[in-house]
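Visitor: Structure supplied as input.cif; contents: mmCIF, C-alpha atoms.
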```
data_final
#
loop_
_atom_site.label_atom_id
_atom_site.label_comp_id
_atom_site.auth_asym_id
_atom_site.auth_seq_id
_atom_site.Cartn_x
_atom_site.Cartn_y
_atom_site.Cartn_z
CA MET T 1049 -46.61 -0.52 31.07
CA LYS T 1050 -42.89 -0.86 31.70
CA ILE T 1051 -41.11 1.38 29.21
CA LEU T 1052 -37.41 1.68 28.42
CA LEU T 1053 -36.29 5.22 27.58
CA THR T 1054 -32.93 5.30 25.83
CA GLY T 1055 -31.38 8.73 26.28
CA GLY T 1056 -33.92 9.43 29.01
CA ALA T 1057 -31.41 11.55 30.95
CA GLY T 1058 -31.51 14.13 28.15
CA TYR T 1059 -33.76 17.06 27.38
CA ILE T 1060 -36.73 15.47 25.61
CA GLY T 1061 -36.39 12.08 27.28
CA SER T 1062 -36.60 13.54 30.78
CA HIS T 1063 -39.85 15.35 29.97
CA ALA T 1064 -41.32 12.15 28.52
CA ASN T 1065 -40.15 10.29 31.62
CA LYS T 1066 -41.98 12.71 33.90
CA LEU T 1067 -45.21 12.44 31.88
CA LEU T 1068 -45.12 8.65 31.66
CA SER T 1069 -44.45 8.33 35.38
CA SER T 1070 -47.29 10.72 36.21
CA ARG T 1071 -49.61 8.41 34.26
CA GLY T 1072 -48.58 5.38 36.30
CA HIS T 1073 -46.15 3.75 33.88
CA GLU T 1074 -42.93 2.18 35.14
CA THR T 1075 -39.87 3.65 33.44
CA VAL T 1076 -36.26 2.60 33.12
CA VAL T 1077 -33.78 5.11 31.67
CA ALA T 1078 -30.85 3.73 29.68
CA ASP T 1079 -28.25 6.47 29.21
CA ASN T 1080 -24.47 6.53 28.99
CA LEU T 1081 -24.52 10.02 30.60
CA GLY T 1082 -22.12 11.27 27.95
CA ARG T 1083 -24.47 14.19 27.29
CA GLY T 1084 -27.35 13.32 29.58
CA HIS T 1085 -27.56 14.32 33.23
CA ARG T 1086 -27.93 11.94 36.16
CA GLU T 1087 -29.96 14.54 38.05
CA ALA T 1088 -32.51 14.64 35.21
CA VAL T 1089 -33.60 11.07 36.05
CA ARG T 1090 -36.01 12.13 38.76
CA TRP T 1091 -38.55 9.49 37.81
CA GLY T 1092 -38.12 5.76 37.30
CA ARG T 1093 -34.70 4.10 37.49
CA LEU T 1094 -31.40 4.80 35.76
CA ALA T 1095 -29.35 2.07 34.06
CA GLN T 1096 -26.02 3.49 32.87
CA VAL T 1097 -25.82 1.78 29.49
CA ASP T 1098 -24.14 2.67 26.20
CA LEU T 1099 -26.00 1.34 23.18
CA LEU T 1100 -22.67 0.60 21.52
CA ASP T 1101 -21.92 -1.90 24.33
CA GLU T 1102 -23.91 -4.95 23.25
CA ALA T 1103 -23.02 -7.04 26.31
CA THR T 1104 -24.29 -4.45 28.78
CA LEU T 1105 -27.38 -3.91 26.64
CA ASP T 1106 -28.11 -7.64 26.73
CA LYS T 1107 -27.79 -7.66 30.53
CA LEU T 1108 -30.38 -4.89 30.77
CA PHE T 1109 -32.88 -6.76 28.58
CA GLU T 1110 -32.20 -10.01 30.45
CA ALA T 1111 -32.95 -8.33 33.78
CA GLU T 1112 -36.09 -6.43 32.73
CA LYS T 1113 -39.19 -7.26 30.72
CA PHE T 1114 -40.22 -4.19 28.73
CA ASP T 1115 -43.54 -3.58 27.03
CA ALA T 1116 -42.11 -0.90 24.75
CA VAL T 1117 -39.04 1.21 24.02
CA MET T 1118 -38.81 4.96 23.47
CA HIS T 1119 -35.56 5.60 21.63
CA PHE T 1120 -34.31 9.14 22.31
CA ALA T 1121 -30.58 8.40 22.50
CA ALA T 1122 -28.60 10.17 19.75
CA LEU T 1123 -26.06 12.81 18.93
CA ILE T 1124 -28.12 15.73 17.65
CA PHE T 1125 -26.09 18.72 16.45
CA VAL T 1126 -26.10 19.48 12.72
CA GLY T 1127 -22.83 21.42 12.67
CA GLU T 1128 -21.01 18.79 14.69
CA SER T 1129 -22.28 16.07 12.36
CA VAL T 1130 -20.79 17.89 9.38
CA LYS T 1131 -17.40 18.06 11.12
CA HIS T 1132 -17.51 14.51 12.53
CA PRO T 1133 -19.77 12.35 10.32
CA GLY T 1134 -18.19 9.06 11.39
CA ARG T 1135 -19.00 9.78 15.02
CA TYR T 1136 -22.64 10.40 14.12
CA TYR T 1137 -23.09 7.32 11.95
CA ARG T 1138 -21.45 5.07 14.54
CA ASN T 1139 -23.32 6.44 17.54
CA ASN T 1140 -26.73 6.97 15.97
CA VAL T 1141 -26.98 4.19 13.41
CA GLN T 1142 -24.93 1.43 15.03
CA GLY T 1143 -26.37 2.18 18.46
CA SER T 1144 -29.90 1.92 17.08
CA LEU T 1145 -29.10 -1.31 15.27
CA ASN T 1146 -27.78 -2.78 18.53
CA LEU T 1147 -30.98 -1.72 20.30
CA LEU T 1148 -33.22 -3.29 17.65
CA ARG T 1149 -31.19 -6.51 17.77
CA ALA T 1150 -31.65 -6.69 21.55
CA MET T 1151 -35.37 -5.94 21.26
CA ARG T 1152 -35.81 -8.76 18.79
CA LYS T 1153 -33.69 -11.16 20.84
CA TYR T 1154 -35.69 -10.52 24.02
CA GLY T 1155 -39.15 -10.28 22.46
CA VAL T 1156 -39.83 -6.55 22.76
CA GLY T 1157 -41.87 -5.63 19.71
CA ARG T 1158 -42.89 -1.98 20.15
CA ILE T 1159 -40.71 1.09 19.60
CA ILE T 1160 -41.17 4.85 19.46
CA PHE T 1161 -38.31 6.51 17.56
CA SER T 1162 -37.18 10.13 17.79
CA SER T 1163 -36.48 11.22 14.24
CA THR T 1164 -36.13 14.74 12.90
CA ALA T 1165 -37.29 17.27 10.34
CA ALA T 1166 -33.71 17.16 9.05
CA VAL T 1167 -34.68 14.08 7.00
CA TYR T 1168 -36.55 16.39 4.62
CA GLY T 1169 -33.48 18.39 3.63
CA THR T 1170 -34.37 21.51 1.64
CA PRO T 1171 -38.19 21.84 1.70
CA GLU T 1172 -40.10 22.15 -1.54
CA THR T 1173 -43.36 23.08 0.23
CA SER T 1174 -44.30 24.65 3.56
CA PRO T 1175 -45.67 23.40 5.85
CA LEU T 1176 -44.09 19.99 5.30
CA PRO T 1177 -46.29 16.86 5.14
CA GLU T 1178 -44.92 13.42 6.00
CA ASP T 1179 -44.93 12.34 2.34
CA HIS T 1180 -42.62 15.17 1.29
CA THR T 1181 -39.50 14.08 -0.58
CA LEU T 1182 -36.74 12.93 1.77
CA GLY T 1183 -33.25 14.26 1.12
CA PRO T 1184 -31.12 15.18 4.14
CA ILE T 1185 -28.40 17.77 3.65
CA ASN T 1186 -26.23 16.86 6.65
CA PRO T 1187 -24.95 13.66 8.30
CA TYR T 1188 -27.24 14.11 11.31
CA GLY T 1189 -30.31 13.99 9.04
CA TRP T 1190 -28.90 11.07 7.07
CA SER T 1191 -28.22 9.10 10.26
CA LYS T 1192 -31.83 9.53 11.37
CA LEU T 1193 -33.20 8.56 7.96
CA MET T 1194 -31.04 5.43 7.97
CA ILE T 1195 -32.50 4.48 11.36
CA GLU T 1196 -36.04 5.10 10.09
CA GLN T 1197 -35.43 2.66 7.25
CA THR T 1198 -33.83 0.11 9.56
CA ILE T 1199 -36.88 0.25 11.83
CA ARG T 1200 -39.21 -0.24 8.86
CA ASP T 1201 -37.21 -3.26 7.75
CA PHE T 1202 -37.25 -4.79 11.25
CA CYS T 1203 -41.01 -4.26 11.45
CA SER T 1204 -41.56 -5.86 8.07
CA ALA T 1205 -39.24 -8.82 8.68
CA TYR T 1206 -39.99 -9.55 12.34
CA GLY T 1207 -43.52 -8.29 12.97
CA MET T 1208 -42.51 -5.39 15.17
CA LYS T 1209 -44.63 -2.22 15.52
CA ALA T 1210 -43.22 1.31 15.45
CA VAL T 1211 -44.15 4.96 15.61
CA ILE T 1212 -41.59 7.38 14.17
CA PHE T 1213 -41.86 11.00 15.26
CA ARG T 1214 -40.11 13.61 13.14
CA TYR T 1215 -39.38 16.45 15.53
CA PHE T 1216 -39.17 20.03 14.52
CA ASN T 1217 -37.45 22.42 17.00
CA ALA T 1218 -38.07 21.26 20.56
CA ALA T 1219 -38.08 24.21 22.94
CA GLY T 1220 -39.36 25.36 26.33
CA ALA T 1221 -39.21 23.48 29.61
CA ASP T 1222 -41.32 21.78 32.24
CA PRO T 1223 -43.64 24.52 33.66
CA GLU T 1224 -42.89 23.22 37.17
CA ARG T 1225 -39.15 23.67 36.52
CA GLU T 1226 -38.33 20.09 37.46
CA THR T 1227 -36.43 19.50 34.23
CA GLY T 1228 -35.40 21.50 31.20
CA GLU T 1229 -32.83 22.08 28.48
CA LYS T 1230 -29.20 21.72 29.54
CA HIS T 1231 -26.86 20.89 26.68
CA ASP T 1232 -23.09 21.23 26.87
CA PRO T 1233 -22.26 22.77 24.52
CA GLU T 1234 -25.60 24.47 23.95
CA ASN T 1235 -26.43 24.85 20.25
CA HIS T 1236 -30.17 25.56 20.35
CA LEU T 1237 -31.38 29.07 19.62
CA ILE T 1238 -33.78 29.87 22.47
CA PRO T 1239 -31.47 28.88 25.35
CA LEU T 1240 -28.59 30.66 23.59
CA VAL T 1241 -30.65 33.87 23.40
CA LEU T 1242 -31.57 33.54 27.08
CA LYS T 1243 -27.98 32.91 28.13
CA ALA T 1244 -26.86 35.99 26.21
CA VAL T 1245 -29.59 38.02 27.92
CA ARG T 1246 -28.42 36.88 31.37
CA ASN T 1247 -24.73 37.37 30.66
CA PRO T 1248 -23.84 40.64 28.90
CA ALA T 1249 -20.35 39.26 28.23
CA ARG T 1250 -21.88 36.78 25.80
CA SER T 1251 -23.01 37.58 22.30
CA LEU T 1252 -25.56 35.75 20.18
CA LYS T 1253 -24.34 34.66 16.77
CA ILE T 1254 -26.83 34.84 13.90
CA PHE T 1255 -25.63 32.35 11.30
CA GLY T 1256 -26.62 33.79 7.94
CA SER T 1257 -28.75 36.83 7.10
CA ASP T 1258 -29.22 36.23 3.36
CA TYR T 1259 -31.64 33.30 3.34
CA ASP T 1260 -34.78 33.45 1.21
CA THR T 1261 -36.96 34.36 4.19
CA PRO T 1262 -38.75 37.62 5.13
CA ASP T 1263 -35.83 38.96 7.22
CA GLY T 1264 -33.01 36.85 5.78
CA THR T 1265 -32.58 34.61 8.84
CA CYS T 1266 -33.53 30.95 9.18
CA VAL T 1267 -37.15 30.10 9.96
CA ARG T 1268 -37.99 27.22 12.29
CA ASP T 1269 -41.08 25.61 13.82
CA TYR T 1270 -40.78 25.61 17.64
CA ILE T 1271 -42.66 22.88 19.49
CA HIS T 1272 -42.98 22.90 23.28
CA VAL T 1273 -41.11 19.96 24.76
CA CYS T 1274 -44.12 19.02 26.91
CA ASP T 1275 -46.30 18.84 23.80
CA LEU T 1276 -43.62 16.67 22.25
CA ALA T 1277 -43.70 14.39 25.29
CA ALA T 1278 -47.50 14.19 25.03
CA SER T 1279 -47.21 12.89 21.47
CA HIS T 1280 -45.05 10.04 22.78
CA LEU T 1281 -47.63 9.04 25.35
CA LEU T 1282 -50.29 8.90 22.62
CA GLY T 1283 -47.89 7.01 20.37
CA VAL T 1284 -47.07 4.28 22.85
CA GLU T 1285 -50.73 3.89 23.80
CA SER T 1286 -51.54 3.39 20.13
CA LEU T 1287 -48.86 0.68 19.88
CA MET T 1288 -50.57 -1.24 22.67
CA GLU T 1289 -53.78 -1.51 20.64
CA PRO T 1290 -54.38 -4.76 18.71
CA GLY T 1291 -53.06 -5.05 15.17
CA GLY T 1292 -50.49 -3.13 13.22
CA GLU T 1293 -47.71 -5.70 13.41
CA GLY T 1294 -45.15 -5.23 10.68
CA THR T 1295 -45.81 -1.51 10.27
CA ALA T 1296 -44.04 1.74 11.14
CA ARG T 1297 -46.21 4.87 11.22
CA VAL T 1298 -44.59 8.29 10.70
CA TYR T 1299 -45.76 11.58 12.20
CA ASN T 1300 -44.44 15.13 12.16
CA VAL T 1301 -44.52 16.91 15.53
CA GLY T 1302 -44.54 20.69 15.19
CA ASN T 1303 -46.74 23.74 15.62
CA GLY T 1304 -47.25 24.44 11.93
CA GLU T 1305 -45.94 27.99 12.23
CA GLY T 1306 -42.42 29.24 11.60
CA PHE T 1307 -40.45 31.99 13.31
CA SER T 1308 -37.19 33.53 12.15
CA VAL T 1309 -34.13 33.98 14.33
CA ARG T 1310 -34.87 37.69 14.60
CA GLU T 1311 -38.50 37.00 15.56
CA VAL T 1312 -37.31 34.71 18.35
CA ILE T 1313 -35.05 37.50 19.62
CA GLU T 1314 -37.98 39.93 19.60
CA ALA T 1315 -40.23 37.46 21.46
CA THR T 1316 -37.48 36.89 24.03
CA ALA T 1317 -37.29 40.65 24.61
CA LYS T 1318 -41.02 40.65 25.39
CA VAL T 1319 -40.52 37.94 28.01
CA THR T 1320 -37.28 39.13 29.62
CA GLY T 1321 -37.35 42.87 28.93
CA LYS T 1322 -33.87 42.61 27.39
CA LYS T 1323 -32.21 41.96 24.07
CA PRO T 1324 -28.92 40.11 23.65
CA ARG T 1325 -25.84 41.53 22.01
CA VAL T 1326 -25.93 40.18 18.45
CA GLU T 1327 -23.01 39.16 16.24
CA GLN T 1328 -23.48 38.38 12.57
CA ALA T 1329 -21.80 35.18 11.35
CA PRO T 1330 -21.64 33.25 8.04
CA ARG T 1331 -24.16 30.53 7.21
CA ARG T 1332 -23.54 27.13 8.75
CA SER T 1333 -23.14 24.17 6.45
CA GLY T 1334 -26.21 21.93 6.50
CA ASP T 1335 -28.77 24.54 7.59
CA ALA T 1336 -32.01 24.76 5.60
CA ALA T 1337 -33.65 28.18 5.17
CA ARG T 1338 -37.09 27.10 6.40
CA LEU T 1339 -38.46 24.07 8.26
CA VAL T 1340 -42.12 24.20 9.25
CA ALA T 1341 -44.30 21.19 10.04
CA SER T 1342 -47.71 19.99 9.06
CA SER T 1343 -48.88 17.92 12.05
CA GLU T 1344 -52.37 17.32 10.72
CA LYS T 1345 -51.80 13.57 10.46
CA LEU T 1346 -50.82 13.38 14.14
CA LYS T 1347 -53.89 15.37 15.14
CA ARG T 1348 -56.19 13.30 12.93
CA GLU T 1349 -54.93 9.82 13.79
CA LEU T 1350 -53.80 10.14 17.43
CA GLY T 1351 -55.89 13.10 18.60
CA TRP T 1352 -52.84 15.18 19.54
CA ARG T 1353 -53.29 18.88 20.31
CA PRO T 1354 -50.51 21.19 21.49
CA GLU T 1355 -51.14 22.72 24.92
CA TYR T 1356 -48.50 25.43 24.51
CA PRO T 1357 -48.44 26.53 20.85
CA GLU T 1358 -47.54 30.20 21.49
CA LEU T 1359 -43.89 31.15 21.04
CA VAL T 1360 -44.02 33.60 23.96
CA LYS T 1361 -45.31 30.89 26.32
CA ILE T 1362 -42.57 28.50 25.14
CA ILE T 1363 -39.97 31.18 25.88
CA GLU T 1364 -41.55 31.99 29.26
CA HIS T 1365 -41.12 28.38 30.37
CA ALA T 1366 -37.59 28.24 28.97
CA TRP T 1367 -36.73 31.50 30.78
CA ALA T 1368 -38.09 30.22 34.11
CA TRP T 1369 -35.92 27.10 33.75
CA GLU T 1370 -32.85 29.04 32.59
CA GLN T 1371 -32.96 31.09 35.78
CA THR T 1372 -32.51 27.92 37.87
CA LEU T 1373 -29.11 27.37 36.19
CA PRO T 1374 -25.81 29.13 36.90
CA VAL T 1375 -25.03 32.12 34.71
CA ASP T 1376 -22.50 31.16 32.04
#
```
Could you rewrite the structure in this file as structure tokens?

Guide:
Amino acid sequence: MKILLTGGAGYIGSHANKLLSSRGHETVVADNLGRGHREAVRWGRLAQVDLLDEATLDKLFEAEKFDAVMHFAALIFVGESVKHPGRYYRNNVQGSLNLLRAMRKYGVGRIIFSSTAAVYGTPETSPLPEDHTLGPINPYGWSKLMIEQTIRDFCSAYGMKAVIFRYFNAAGADPERETGEKHDPENHLIPLVLKAVRNPARSLKIFGSDYDTPDGTCVRDYIHVCDLAASHLLGVESLMEPGGEGTARVYNVGNGEGFSVREVIEATAKVTGKKPRVEQAPRRSGDAARLVASSEKLKRELGWRPEYPELVKIIEHAWAWEQTLPVD
């Protein structure tokens, strides 16, 4: 297959790109490089495209004939979305609408969409099934839910086929250290802990210690990025099977087990032999106390199984990658 990966110069997209390429698929990465990294496109070809630029997007679809699209491109930080909601709605929602318009115009009918557990808002049950009530509590989550609905409507109206993956907390890195997590600024917990371990001048902020959790800190479900990439390979293969036009299937992708911020710090100490300097900070607006996935539907329908479910192994791979980067 020839697959377009929007945002493929980013963290999750680059891991999916490596896996797809290793399986013989031709990949084209569309990325504006605003937060992606040119050096992360080690497989396939890079087309520097901004989804908000419809003319350039049309040129890409005119020049290439894609079998499917994997749509990773998005702004992803909860706190930033609360401060700058307009930026998130324009980039995430309008960019996705432009992509869907181009897909329809040029006859590309299959899409994998990177959604998020943030669409669930404050969980009523744990672990969370896909049919849980949807109610985001921050603009990032709302932007993703809006895109989900837009995709459903395009499928229904135009006979497209979609798989929507609701990610929980992507973590870890390629075991061969060819790609990994490199956000600027970095807002994800595990790399922040590792950076604080490497650089004693840094401290790790714990945002909130009074949540309704066993130790008062937020609990999250950490999914290895390579296992996340594997779900995308299964998803796109399922879209190539006959039937299913007009439908959008939704799957959670997580390990089904939650770990608190303090538990992540303890696991990091086991891997690195060090603990970071910790600084207590107030809760962040838009953070839920607990987000843990049920991925039983994904396992049942697509045969997905995580290869790296252990938190320590996830941190080991993240630590190996972190040590290839400059200390900051």

Visitor: Under the rule that all atoms listed in the file are counted, which of T:Val1117, T:Val1298, T:Ile1060, T:Leu1252 is the nearest residue to Gly1157 in chain T?

Guide: T:Val1117

Visitor: Could you list, as a PyMOL selection string, every residue matched by the PyMOL selection byres ((chain T and resi 1187) around 12) in this structure?

Guide: chain T and resi 1123-1141+1166-1167+1169+1183-1186+1188-1194+1333-1335

Visitor: Under the rule that all atoms listed in the file are counted, which of T:Asp1179, T:Asp1275, T:Asp1115, T:Asp1098 is the nearest residue to Leu1067 in chain T?

Guide: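 For Leu1067 in chain T, the nearest of the given residues is T:Asp1275.
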
Visitor: Ranking T:Leu1081, T:Leu1052, T:Met1118, T:Ala1150 by minimum distance to Leu1105 in chain T and counting all atoms listed in the file, which one comes first?

Guide: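 Under the stated criterion, the closest residue is T:Ala1150.
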
Visitor: For the file shown, report as a list in words the outcome of the PyMOL selection byres ((chain T and resi 1353-1355) around 8) at residue level.

Guide: His1272, Asp1275, Asn1303, Lys1347, Gly1351, Trp1352, Tyr1356 and Pro1357 of chain T

Visitor: Using all atoms listed in the file, which of the listed residues (T:Ser1163, T:Asn1300, T:Gln1096, T:Ser1308) sits closest to Pro1177 in chain T?

Guide: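 Of T:Ser1163, T:Asn1300, T:Gln1096, T:Ser1308, the one nearest Pro1177 in chain T is T:Asn1300, counting all atoms listed in the file.
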
Visitor: Report as a ChimeraX atom specification the residues that result from applying the PyMOL selection byres ((chain T and resi 1229) around 9) to the structure here.

Guide: /T:1058-1060,1219-1221,1227-1228,1230-1231,1234,1239,1366,1369-1370

Visitor: Using CA of Leu1147 in chain T and CA of Thr1054 in chain T as the two end points, give the distance in Å to one decimal.

Guide: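 Distance between the two atoms: 9.1 Å.
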